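Chemist: Just so it is clear, I am handing over entry_26.txt, which has compact mmCIF, C-alpha atoms.
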# COMPACT_ATOMS: atom_id res chain seq x y z
CA MET O 163 9.43 22.44 5.79
CA LEU O 164 12.27 22.88 3.31
CA ALA O 165 13.83 25.45 5.65
CA ILE O 166 13.72 23.08 8.62
CA ILE O 167 15.12 20.19 6.62
CA SER O 168 17.89 22.42 5.22
CA GLU O 169 19.16 23.16 8.76
CA LYS O 170 19.77 19.51 9.58
CA GLU O 171 18.45 16.09 8.61
CA VAL O 172 15.20 15.37 10.44
CA TYR O 173 12.68 12.55 10.70
CA GLY O 174 8.91 12.99 10.61
CA TYR O 175 8.11 13.48 14.28
CA GLU O 176 11.04 15.85 14.76
CA LEU O 177 9.88 17.89 11.80
CA SER O 178 6.34 18.19 13.13
CA GLU O 179 7.66 19.33 16.53
CA LYS O 180 9.81 21.99 14.92
CA LEU O 181 6.84 23.27 12.93
CA HIS O 182 4.91 23.38 16.18
CA GLU O 183 7.71 25.28 17.92
CA ALA O 184 7.71 27.76 15.04
CA GLY O 185 4.10 28.54 15.90
CA LEU O 186 2.37 26.52 13.17
CA THR O 187 0.02 24.94 15.72
CA MET O 188 -3.12 24.98 13.61
CA VAL O 189 -1.99 22.16 11.33
CA LYS O 190 -2.37 18.52 12.37
CA GLU O 191 0.94 16.74 12.82
CA GLY O 192 0.01 14.06 10.34
CA SER O 193 -0.51 16.53 7.52
CA ILE O 194 3.24 16.69 6.96
CA TYR O 195 3.27 13.18 5.47
CA PRO O 196 1.28 13.83 2.29
CA LEU O 197 3.56 16.83 1.78
CA LEU O 198 6.72 14.83 2.43
CA LEU O 199 5.53 12.30 -0.15
CA ARG O 200 4.88 15.01 -2.71
CA MET O 201 8.22 16.68 -2.08
CA GLN O 202 9.92 13.32 -2.61
CA LYS O 203 7.99 12.82 -5.82
CA ASN O 204 9.10 16.25 -7.01
CA GLU O 205 12.65 15.35 -5.98
CA LEU O 206 13.02 18.26 -3.58
CA ILE O 207 13.94 15.97 -0.69
CA GLU O 208 15.27 12.45 -0.18
CA GLY O 209 14.79 10.10 2.72
CA THR O 210 17.29 7.62 4.12
CA MET O 211 16.66 4.94 6.71
CA LYS O 212 19.07 5.32 9.60
CA PRO O 213 19.23 3.90 13.09
CA SER O 214 18.39 6.62 15.61
CA ALA O 215 20.22 7.24 18.86
CA THR O 216 17.33 6.34 21.14
CA GLY O 217 15.03 4.12 19.20
CA PRO O 218 14.13 2.31 16.01
CA ASP O 219 15.34 2.97 12.47
CA ARG O 220 13.91 6.20 11.17
CA LYS O 221 13.64 7.86 7.83
CA TYR O 222 15.72 11.03 7.84
CA TYR O 223 15.12 13.65 5.19
CA HIS O 224 17.62 15.90 3.49
CA LEU O 225 17.36 18.40 0.64
CA THR O 226 18.38 17.57 -2.89
CA GLN O 227 20.07 20.14 -5.13
CA GLN O 228 16.61 20.89 -6.55
CA GLY O 229 15.27 21.33 -3.04
CA LYS O 230 17.99 23.81 -2.17
CA GLU O 231 17.20 25.77 -5.31
CA ALA O 232 13.46 25.74 -4.52
CA LEU O 233 14.15 27.05 -1.01
CA GLN O 234 16.38 29.82 -2.35
CA GLN O 235 13.78 30.75 -4.92
CA PHE O 236 11.13 30.91 -2.21
CA ASP O 237 13.37 33.08 -0.01
CA GLU O 238 13.88 35.50 -2.87
CA SER O 239 10.25 35.84 -3.82
CA TRP O 240 9.29 36.06 -0.15
CA ALA O 241 11.77 38.90 0.39
CA GLN O 242 10.33 40.70 -2.60
CA LEU O 243 6.75 40.21 -1.41
CA SER O 244 7.55 41.23 2.14
CA GLN O 245 9.34 44.35 0.94
CA ALA O 246 6.34 45.28 -1.18
CA ILE O 247 3.91 44.72 1.71
CA THR O 248 6.04 46.74 4.12
CA TYR O 249 6.16 49.59 1.62
CA LEU O 250 2.39 49.54 1.03
CA ARG O 251 1.69 49.41 4.76
CA ARG O 252 3.94 52.35 5.45
CA LYS O 253 2.14 54.31 2.73
CA ARG O 254 -1.23 53.46 4.27
CA ASP O 255 -0.07 54.49 7.75
CA GLU O 256 1.22 57.80 6.38
CA HIS O 257 -2.14 58.39 4.78
CA ASN O 258 -4.14 57.83 7.97
CA MET N 39 15.12 -2.55 4.60
CA ASN N 40 13.17 -4.30 1.88
CA THR N 41 9.39 -4.50 1.64
CA ILE N 42 9.03 -7.77 3.56
CA GLU N 43 11.31 -6.59 6.37
CA MET N 44 9.29 -3.39 6.68
CA THR N 45 6.03 -5.34 6.88
CA LYS N 46 7.52 -7.56 9.59
CA ARG N 47 8.82 -4.56 11.51
CA ASN N 48 5.37 -2.98 11.24
CA ASN N 49 3.77 -6.10 12.77
CA GLU N 50 6.19 -6.02 15.72
CA ARG N 51 6.07 -2.29 16.37
CA ARG N 52 2.27 -2.16 16.12
CA GLU N 53 2.05 -4.00 19.41
CA LEU N 54 3.27 -0.87 21.18
CA LEU N 55 0.08 1.02 20.32
CA ASN N 56 -2.79 1.23 22.78
CA LYS N 57 -6.19 -0.14 21.85
CA GLU N 58 -7.74 3.08 20.50
CA ASN N 59 -4.69 4.12 18.50
CA LEU N 60 -4.26 0.60 17.14
CA LYS N 61 -7.82 0.57 15.82
CA VAL N 62 -7.34 3.87 13.98
CA TYR N 63 -3.93 2.87 12.68
CA GLU N 64 -5.07 -0.52 11.40
CA ASP N 65 -8.06 0.98 9.60
CA ALA N 66 -5.74 3.41 7.85
CA MET N 67 -3.17 0.68 7.16
CA ILE N 68 -5.61 -1.72 5.54
CA TYR N 69 -7.22 1.05 3.50
CA ILE N 70 -3.88 2.34 2.23
CA ARG N 71 -2.56 -1.15 1.45
CA LEU N 72 -5.66 -2.02 -0.56
CA ASN N 73 -4.92 0.79 -2.98
CA ALA N 74 -2.18 -1.29 -4.56
CA ARG N 75 0.34 1.48 -5.12
CA SER N 76 4.04 0.66 -5.04
CA GLU N 77 4.35 -1.85 -2.20
CA TYR N 78 7.74 -0.55 -1.19
CA ALA N 79 6.55 3.05 -1.02
CA THR N 80 3.36 1.98 0.79
CA GLU N 81 5.16 -0.01 3.48
CA SER N 82 7.72 2.73 3.87
CA ILE N 83 5.15 5.46 4.60
CA LEU N 84 3.08 3.11 6.78
CA LEU N 85 6.10 2.41 8.95
CA GLU N 86 6.83 6.12 9.18
CA LEU N 87 3.26 6.87 10.28
CA LEU N 88 3.46 4.06 12.83
CA GLU N 89 6.70 5.38 14.33
CA HIS N 90 5.18 8.85 14.47
CA LEU N 91 2.08 7.55 16.23
CA ILE N 92 4.14 5.55 18.74
CA GLU N 93 6.16 8.63 19.59
CA ALA N 94 3.02 10.78 19.78
CA GLN N 95 1.42 8.21 22.09
CA GLN N 96 4.46 8.39 24.39
CA HIS N 97 3.80 12.13 24.59
CA GLY N 98 0.19 11.52 25.54
CA LYS N 99 -1.33 12.30 22.13
CA SER N 100 -4.05 10.28 20.42
CA ALA N 101 -4.35 9.08 16.84
CA GLN N 102 -6.95 11.75 16.31
CA ASP N 103 -4.50 14.46 17.39
CA VAL N 104 -2.10 13.18 14.73
CA PHE N 105 -4.37 12.34 11.81
CA GLY N 106 -7.27 14.70 12.43
CA ASP N 107 -10.99 13.94 12.54
CA ASP N 108 -11.33 12.85 8.93
CA LEU N 109 -9.25 9.69 8.68
CA HIS N 110 -10.79 8.72 5.35
CA GLY N 111 -9.87 12.07 3.79
CA TYR N 112 -6.41 11.93 5.33
CA CYS N 113 -5.76 8.50 3.83
CA ASP N 114 -6.95 9.61 0.40
CA ALA N 115 -4.60 12.60 0.54
CA LEU N 116 -1.71 10.29 1.38
CA ILE N 117 -2.54 7.73 -1.28
CA ALA N 118 -2.68 10.42 -3.96
CA ASP N 119 1.03 11.02 -3.41
CA ILE N 120 2.24 7.43 -3.00
CA PRO N 121 4.06 6.48 -6.22
CA HIS N 122 2.39 3.99 -8.54
CA GLN N 123 3.78 0.52 -8.96
CA SER N 124 6.05 0.14 -11.99
CA LYS N 125 4.33 -1.47 -14.98
CA GLN N 126 6.71 -4.40 -14.88
CA SER N 127 5.94 -5.09 -11.26
CA TRP N 128 2.22 -4.71 -11.90
CA ILE N 129 2.25 -7.34 -14.66
CA LEU N 130 4.24 -9.70 -12.45
CA GLU N 131 1.68 -9.16 -9.68
CA ILE N 132 -1.15 -10.15 -12.03
CA LEU N 133 0.77 -13.27 -13.03
CA ARG N 134 1.25 -14.00 -9.35
CA TYR N 135 -2.50 -13.75 -8.73
CA ALA N 136 -3.04 -16.12 -11.67
CA THR N 137 -0.72 -18.69 -10.07
CA ILE N 138 -2.69 -18.42 -6.81
CA LEU N 139 -5.93 -18.94 -8.73
CA PHE N 140 -4.68 -21.97 -10.68
CA GLY N 141 -2.61 -23.33 -7.81
CA GLY N 142 -5.70 -23.20 -5.59
CA LEU N 143 -7.84 -24.93 -8.21
CA PHE N 144 -5.31 -27.66 -8.88
CA ALA N 145 -4.70 -28.18 -5.18
CA VAL N 146 -8.41 -29.04 -4.91
CA TYR N 147 -8.18 -31.32 -7.96
CA THR N 148 -5.12 -33.01 -6.49
CA ILE N 149 -7.01 -33.79 -3.30
CA VAL N 150 -10.03 -35.05 -5.26
CA GLN N 151 -7.81 -37.26 -7.42
CA PHE N 152 -6.11 -38.60 -4.34
CA LEU N 153 -9.44 -39.38 -2.68
CA ALA N 154 -10.50 -41.09 -5.92
CA TYR N 155 -8.03 -43.89 -5.13
CA PHE N 156 -10.35 -44.77 -2.23
CA ILE N 157 -13.68 -43.54 -3.58
CA PRO N 158 -13.77 -44.55 -7.27
CA SER N 159 -16.92 -42.49 -8.01
CA LEU N 160 -14.85 -39.29 -7.66
CA LYS N 161 -12.54 -40.32 -10.47
CA MET N 162 -12.19 -37.79 -13.34
CA GLU N 163 -10.30 -39.13 -16.34
CA SER N 164 -10.18 -35.80 -18.17
CA ILE N 165 -11.31 -32.19 -17.88
CA SER N 166 -12.28 -29.44 -20.33
CA LEU N 167 -9.92 -26.49 -20.81
CA VAL N 168 -12.74 -24.01 -21.51
CA PRO N 169 -13.62 -23.33 -17.85
CA PHE N 170 -9.99 -22.40 -17.20
CA LEU N 171 -10.14 -19.76 -19.88
CA ILE N 172 -13.39 -18.47 -18.43
CA ILE N 173 -12.03 -18.29 -14.93
CA ILE N 174 -9.08 -16.15 -16.03
CA ALA N 175 -11.52 -13.43 -17.12
CA VAL N 176 -14.04 -13.90 -14.32
CA GLY N 177 -11.27 -14.25 -11.75
CA ALA N 178 -9.71 -10.94 -12.76
CA ILE N 179 -13.03 -9.12 -12.45
CA ALA N 180 -13.81 -10.85 -9.17
CA ILE N 181 -10.43 -9.85 -7.71
CA LEU N 182 -10.97 -6.22 -8.70
CA VAL N 183 -14.49 -6.10 -7.23
CA ILE N 184 -13.39 -7.85 -4.03
CA LEU N 185 -10.45 -5.48 -3.60
CA TYR N 186 -12.73 -2.50 -4.08
CA ALA N 187 -15.33 -3.98 -1.74
CA LEU N 188 -12.75 -4.54 1.00
CA LYS N 189 -11.54 -0.98 0.62
CA ALA N 190 -15.04 0.46 0.74
CA SER N 191 -16.00 -1.65 3.74
CA ILE N 192 -13.32 -0.13 6.00
CA PHE N 193 -14.99 3.24 6.17
CA GLY N 194 -18.46 1.95 6.64
CA THR N 195 -20.07 0.94 3.35
CA LYS N 196 -21.09 -2.62 4.08
CA SER N 197 -23.15 -3.02 0.91
CA TRP N 198 -19.97 -3.17 -1.16
CA PHE N 199 -18.67 -5.91 1.05
CA ILE N 200 -21.81 -7.96 0.48
CA LEU N 201 -21.45 -7.44 -3.26
CA GLY N 202 -17.84 -8.61 -3.03
CA VAL N 203 -18.91 -11.82 -1.34
CA LEU N 204 -21.66 -12.33 -3.94
CA VAL N 205 -19.20 -11.88 -6.81
CA TYR N 206 -16.88 -14.39 -5.23
CA VAL N 207 -19.66 -16.94 -4.82
CA ALA N 208 -20.85 -16.27 -8.39
CA ALA N 209 -17.31 -16.77 -9.74
CA VAL N 210 -16.88 -20.10 -7.97
CA GLY N 211 -20.41 -21.20 -8.92
CA GLY N 212 -19.90 -20.09 -12.51
CA TYR N 213 -16.72 -22.09 -12.71
CA ALA N 214 -18.39 -25.22 -11.35
CA TYR N 215 -21.30 -24.84 -13.78
CA SER N 216 -19.02 -24.25 -16.76
CA THR N 217 -17.16 -27.50 -16.07
CA ILE N 218 -20.49 -29.29 -16.59
CA LEU N 219 -21.54 -27.10 -19.53
CA PHE N 220 -18.35 -27.61 -21.51
CA LYS N 221 -17.91 -31.30 -20.76
CA GLY N 222 -16.42 -32.93 -23.82
CA ILE N 223 -14.91 -29.81 -25.41
CA TRP N 224 -11.10 -29.42 -25.44
CA MET N 225 -10.62 -32.24 -23.00
CA VAL N 226 -7.24 -32.88 -21.40
CA PRO N 227 -6.43 -36.03 -19.42
CA MET N 228 -6.17 -35.74 -15.64
CA SER N 229 -4.47 -37.84 -13.04
CA PHE N 230 -3.34 -37.44 -9.46
CA TRP N 231 0.27 -36.99 -10.56
CA SER N 232 -0.41 -34.45 -13.28
CA CYS N 233 -2.57 -32.41 -10.87
CA LEU N 234 0.09 -32.57 -8.21
CA ALA N 235 2.74 -31.51 -10.74
CA VAL N 236 0.68 -28.51 -11.87
CA THR N 237 0.07 -27.49 -8.25
CA ILE N 238 3.78 -27.64 -7.43
CA VAL N 239 4.72 -25.72 -10.58
CA MET N 240 2.19 -23.03 -9.63
CA ILE N 241 3.65 -22.73 -6.13
CA LEU N 242 7.17 -22.40 -7.54
CA LEU N 243 6.03 -19.86 -10.15
CA HIS N 244 4.27 -17.93 -7.40
CA GLN N 245 7.49 -17.64 -5.41
CA LEU N 246 9.36 -16.59 -8.54
CA PHE N 247 6.83 -13.91 -9.53
CA LYS N 248 6.71 -12.64 -5.97
CA ARG N 249 10.46 -12.16 -5.86
CA LEU N 250 10.65 -10.62 -9.34
CA SER N 251 7.77 -8.22 -8.73
CA GLY N 252 9.34 -7.14 -5.43
CA LYS N 253 12.58 -6.41 -7.27
CA ALA N 254 10.81 -4.52 -10.06
CA ASP N 255 8.93 -2.45 -7.49
CA LEU N 256 12.14 -1.52 -5.72
CA LYS N 257 13.96 -0.33 -8.83
CA PRO N 258 13.04 3.39 -8.70
CA TYR N 259 14.38 3.72 -5.14
CA ARG N 260 18.00 4.09 -4.30
CA ASN N 261 17.85 3.22 -0.60
For this file, produce the structure as structure tokens.

Modeler:
Amino acid sequence: MLAIISEKEVYGYELSEKLHEAGLTMVKEGSIYPLLLRMQKNELIEGTMKPSATGPDRKYYHLTQQGKEALQQFDESWAQLSQAITYLRRKRDEHN
Amino acid sequence: MNTIEMTKRNNERRELLNKENLKVYEDAMIYIRLNARSEYATESILLELLEHLIEAQQHGKSAQDVFGDDLHGYCDALIADIPHQSKQSWILEILRYATILFGGLFAVYTIVQFLAYFIPSLKMESISLVPFLIIIAVGAIAILVILYALKASIFGTKSWFILGVLVYVAAVGGYAYSTILFKGIWMVPMSFWSCLAVTIVMILLHQLFKRLSGKADLKPYRN
């Protein structure tokens, strides 16, 4: 979710569609809202009410400095983990 | 948008939902509102959910597709992350409830005193203060039980609702009985005008507390 929000400001429905497009189809759309609330509480994101092009006012989310740092931290630890997994898999394949 | 504007917007936009989705949404809305978290944060997330549901409905999805099969659990998960009301706003809310309680009581007394001009047997020259002190305590408990009962009744537990009604009846009955029991102790004089004055002061105080508590609730938010 942080990654999607970091690309461009999004509102709830947009965010859920992008998660869906990314292949995360097993989660219910609505389950983003408890997470959005928690991320606001932890000051990773902020929401601003803005009029939308086609409809009513919507709450658009953007990352805070803390949010950007959290995303970067995740990217780093993910890279490390993925590297480790790739290495271990290769070893296993060589073995078999 | 402030809290009142969001509530108004919610009322207007809700009309766009179809019957099935409206039922699910309103259950969730009432349940979440009854949890008395920050009103601003509550109305803000409720409006967001509503806009999401409206858009989902336009794409042919149902409330169940959005919120899942366990609405109760979904609401609890949401509530857990809605910020609490600030202490200041909470105290002002309690004071506001007190003005409703006393305003309501004195409105009844005002009417009785007015009727007493025509029906002399209704005339009360004075009234004991003790029952008022009792009703502050009983009223607070009654409000808490009734709030809880309303909340519990949304997802099916009717027994709590019955208990809520019973507590309300007991509180009113208890008050009426205590006015008889404590007759003669700490008496203050009563008249139509003094009752009317108290009622008006309570209405004004109510408006004041409402505005102040709204402001105090808004403080942590920048937008």

Chemist: Determine, for each residue of chain O having at least one atom at most 10 Å from an atom of chain N, the closest pair of atoms and their separation in Å to one decimal, counting only C-alpha atoms; order by chain and ascending number, as a tab-separated table.

Modeler:
residue	atom	partner	partner_atom	distance
O:Tyr173	CA	N:Glu86	CA	8.8
O:Gly174	CA	N:His90	CA	6.8
O:Tyr175	CA	N:His90	CA	5.5
O:Glu176	CA	N:His90	CA	9.1
O:Ser178	CA	N:His90	CA	9.5
O:Val189	CA	N:Gly106	CA	9.2
O:Lys190	CA	N:Val104	CA	5.8
O:Glu191	CA	N:Val104	CA	5.1
O:Gly192	CA	N:Phe105	CA	4.9
O:Ser193	CA	N:Phe105	CA	7.1
O:Ile194	CA	N:Leu116	CA	9.8
O:Tyr195	CA	N:Leu116	CA	7.1
O:Pro196	CA	N:Leu116	CA	4.7
O:Leu197	CA	N:Asp119	CA	8.2
O:Leu198	CA	N:Asp119	CA	9.0
O:Leu199	CA	N:Asp119	CA	5.7
O:Arg200	CA	N:Asp119	CA	5.6
O:Met201	CA	N:Asp119	CA	9.2
O:Gln202	CA	N:Asp119	CA	9.2
O:Lys203	CA	N:Pro121	CA	7.5
O:Glu208	CA	N:Asn261	CA	9.6
O:Gly209	CA	N:Asn261	CA	8.2
O:Thr210	CA	N:Asn261	CA	6.5
O:Met211	CA	N:Asn261	CA	7.6
O:Gly217	CA	N:Glu89	CA	9.7
O:Pro218	CA	N:Glu89	CA	8.2
O:Asp219	CA	N:Glu89	CA	9.2
O:Arg220	CA	N:Glu86	CA	7.4
O:Lys221	CA	N:Glu86	CA	7.2

Chemist: When you look at Thr137 of chain N with a cut-off of 12 Å (counting only C-alpha atoms), what residues show up, excluding the ones that are within fewer than 4 positions of it in the same chain? I need them as number ranges by chain.

Modeler: N: 130-133, 141-145, 174, 177, 236-248

Chemist: With C-alpha atoms retained, write the just-selected residues as a PDB file, keeping the file's coordinate frame.

Modeler:
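The file below, result-v8.pdb, is the result:
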ATOM      1  CA  LEU N 130       4.240  -9.700 -12.450  1.00  0.00           C
ATOM      2  CA  GLU N 131       1.680  -9.160  -9.680  1.00  0.00           C
ATOM      3  CA  ILE N 132      -1.150 -10.150 -12.030  1.00  0.00           C
ATOM      4  CA  LEU N 133       0.770 -13.270 -13.030  1.00  0.00           C
ATOM      5  CA  GLY N 141      -2.610 -23.330  -7.810  1.00  0.00           C
ATOM      6  CA  GLY N 142      -5.700 -23.200  -5.590  1.00  0.00           C
ATOM      7  CA  LEU N 143      -7.840 -24.930  -8.210  1.00  0.00           C
ATOM      8  CA  PHE N 144      -5.310 -27.660  -8.880  1.00  0.00           C
ATOM      9  CA  ALA N 145      -4.700 -28.180  -5.180  1.00  0.00           C
ATOM     10  CA  ILE N 174      -9.080 -16.150 -16.030  1.00  0.00           C
ATOM     11  CA  GLY N 177     -11.270 -14.250 -11.750  1.00  0.00           C
ATOM     12  CA  VAL N 236       0.680 -28.510 -11.870  1.00  0.00           C
ATOM     13  CA  THR N 237       0.070 -27.490  -8.250  1.00  0.00           C
ATOM     14  CA  ILE N 238       3.780 -27.640  -7.430  1.00  0.00           C
ATOM     15  CA  VAL N 239       4.720 -25.720 -10.580  1.00  0.00           C
ATOM     16  CA  MET N 240       2.190 -23.030  -9.630  1.00  0.00           C
ATOM     17  CA  ILE N 241       3.650 -22.730  -6.130  1.00  0.00           C
ATOM     18  CA  LEU N 242       7.170 -22.400  -7.540  1.00  0.00           C
ATOM     19  CA  LEU N 243       6.030 -19.860 -10.150  1.00  0.00           C
ATOM     20  CA  HIS N 244       4.270 -17.930  -7.400  1.00  0.00           C
ATOM     21  CA  GLN N 245       7.490 -17.640  -5.410  1.00  0.00           C
ATOM     22  CA  LEU N 246       9.360 -16.590  -8.540  1.00  0.00           C
ATOM     23  CA  PHE N 247       6.830 -13.910  -9.530  1.00  0.00           C
ATOM     24  CA  LYS N 248       6.710 -12.640  -5.970  1.00  0.00           C
TER      25      LYS N 248
END

Chemist: Between atom CA of Ile172 of chain N and atom CA of Leu160 of chain N, measure the distance and give it in Å to one decimal.

Modeler: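 That distance, rounded to one decimal, is 23.5 Å.
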
Chemist: Given 4 Å on each side, where is the centre and what are the edge lengths in Å to one decimal of the axis-aligned box enclosing the listed atoms of segment 193-202 of chain O, as lines of an AutoDock Vina configuration file?

Modeler:
center_x = 4.7
center_y = 14.6
center_z = 2.4
size_x = 18.4
size_y = 12.5
size_z = 18.2

Chemist: Would you work out the distance separating atom CA of Ser216 of chain N from atom CA of Val146 of chain N, expressed in Å to one decimal?

Modeler: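 Atom CA of Val146 of chain N lies 16.6 Å from atom CA of Ser216 of chain N.
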
Chemist: What does the distance between atom CA of Phe230 of chain N and atom CA of Ile149 of chain N come to in Å, to one decimal place?

Modeler: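 Here the two named atoms are 8.0 Å from each other.
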
Chemist: Quick one: everything within 12 Å of Gly252 of chain N, counting all atoms listed in the file, minus sequence neighbours fewer than 3 positions away in the same chain. Send it as a ChimeraX atom specification.

Modeler: /N:40-43,76-79,123-124,126-131,134,245-249,255-259

Chemist: For Gln228 of chain O, list every protein, DNA or RNA residue within 10 Å, evaluated using all atoms listed in the file, and leave out those in the same chain fewer than 2 positions away; present the list as a PyMOL selection string.

Modeler: chain O and resi 204-207+225-226+230-234

Chemist: With C-alpha atoms retained, write the just-selected residues as an mmCIF file, keeping the file's coordinate frame.

Modeler:
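Saved result, result09.cif, follows:
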data_model
loop_
_atom_site.group_PDB
_atom_site.id
_atom_site.type_symbol
_atom_site.label_atom_id
_atom_site.label_comp_id
_atom_site.auth_asym_id
_atom_site.auth_seq_id
_atom_site.Cartn_x
_atom_site.Cartn_y
_atom_site.Cartn_z
ATOM 1 C CA ASN O 204 9.100 16.250 -7.010
ATOM 2 C CA GLU O 205 12.650 15.350 -5.980
ATOM 3 C CA LEU O 206 13.020 18.260 -3.580
ATOM 4 C CA ILE O 207 13.940 15.970 -0.690
ATOM 5 C CA LEU O 225 17.360 18.400 0.640
ATOM 6 C CA THR O 226 18.380 17.570 -2.890
ATOM 7 C CA LYS O 230 17.990 23.810 -2.170
ATOM 8 C CA GLU O 231 17.200 25.770 -5.310
ATOM 9 C CA ALA O 232 13.460 25.740 -4.520
ATOM 10 C CA LEU O 233 14.150 27.050 -1.010
ATOM 11 C CA GLN O 234 16.380 29.820 -2.350
#

Chemist: Give the answer as one residue: which of N:Val226, N:Leu60, N:Ile68, N:Ala175 has the shortest atom-to-atom distance to Ala190 of chain N, using all atoms listed in the file?

Modeler: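 Nearest to Ala190 of chain N: N:Ile68.
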
Chemist: Of the residues N:Ser100, N:Trp231, N:Lys161, N:Val176, which is the one nearest to Tyr206 of chain N, using all atoms listed in the file?

Modeler: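 Closest to Tyr206 of chain N, using all atoms listed in the file: N:Val176.
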
Chemist: Identify which of the residues O:Tyr223, O:Tyr249, O:Asp255, O:Ser214 lies closest to Ser168 of chain O, counting all atoms listed in the file when measuring atom-to-atom distances.

Modeler: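 Between O:Tyr223, O:Tyr249, O:Asp255, O:Ser214, the residue approaching Ser168 of chain O most closely is O:Tyr223.
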
Chemist: Which residue is closest to Gln95 of chain N? Choose from N:Gly202, N:Arg75, N:Val62, N:Leu54 and count all atoms listed in the file.

Modeler: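 Among N:Gly202, N:Arg75, N:Val62, N:Leu54, it is N:Leu54 that comes nearest to Gln95 of chain N.
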
Chemist: Can you patch up segment 142-154 of chain N, filling it in to N, CA and C atoms, and show the result as a tab-separated table (two decimals), in the coordinates of the input?

Modeler:
chain	number	residue	atom	x	y	z
N	142	GLY	N	-4.59	-22.88	-6.49
N	142	GLY	CA	-5.70	-23.20	-5.59
N	142	GLY	C	-6.63	-24.23	-6.22
N	143	LEU	N	-6.96	-24.00	-7.49
N	143	LEU	CA	-7.84	-24.93	-8.21
N	143	LEU	C	-7.22	-26.32	-8.29
N	144	PHE	N	-5.95	-26.36	-8.69
N	144	PHE	CA	-5.31	-27.66	-8.88
N	144	PHE	C	-5.01	-28.35	-7.56
N	145	ALA	N	-4.87	-27.57	-6.50
N	145	ALA	CA	-4.70	-28.18	-5.18
N	145	ALA	C	-5.97	-28.96	-4.84
N	146	VAL	N	-7.14	-28.35	-5.15
N	146	VAL	CA	-8.41	-29.04	-4.91
N	146	VAL	C	-8.50	-30.30	-5.78
N	147	TYR	N	-8.14	-30.16	-7.07
N	147	TYR	CA	-8.18	-31.32	-7.96
N	147	TYR	C	-7.25	-32.43	-7.47
N	148	THR	N	-6.08	-32.02	-6.98
N	148	THR	CA	-5.12	-33.01	-6.49
N	148	THR	C	-5.73	-33.82	-5.35
N	149	ILE	N	-6.39	-33.11	-4.44
N	149	ILE	CA	-7.01	-33.79	-3.30
N	149	ILE	C	-8.12	-34.73	-3.78
N	150	VAL	N	-8.93	-34.22	-4.73
N	150	VAL	CA	-10.03	-35.05	-5.26
N	150	VAL	C	-9.46	-36.31	-5.92
N	151	GLN	N	-8.42	-36.12	-6.72
N	151	GLN	CA	-7.81	-37.26	-7.42
N	151	GLN	C	-7.21	-38.26	-6.43
N	152	PHE	N	-6.68	-37.71	-5.35
N	152	PHE	CA	-6.11	-38.60	-4.34
N	152	PHE	C	-7.21	-39.41	-3.66
N	153	LEU	N	-8.30	-38.70	-3.31
N	153	LEU	CA	-9.44	-39.38	-2.68
N	153	LEU	C	-10.04	-40.43	-3.60
N	154	ALA	N	-9.91	-40.18	-4.94
N	154	ALA	CA	-10.50	-41.09	-5.92
N	154	ALA	C	-9.86	-42.48	-5.86
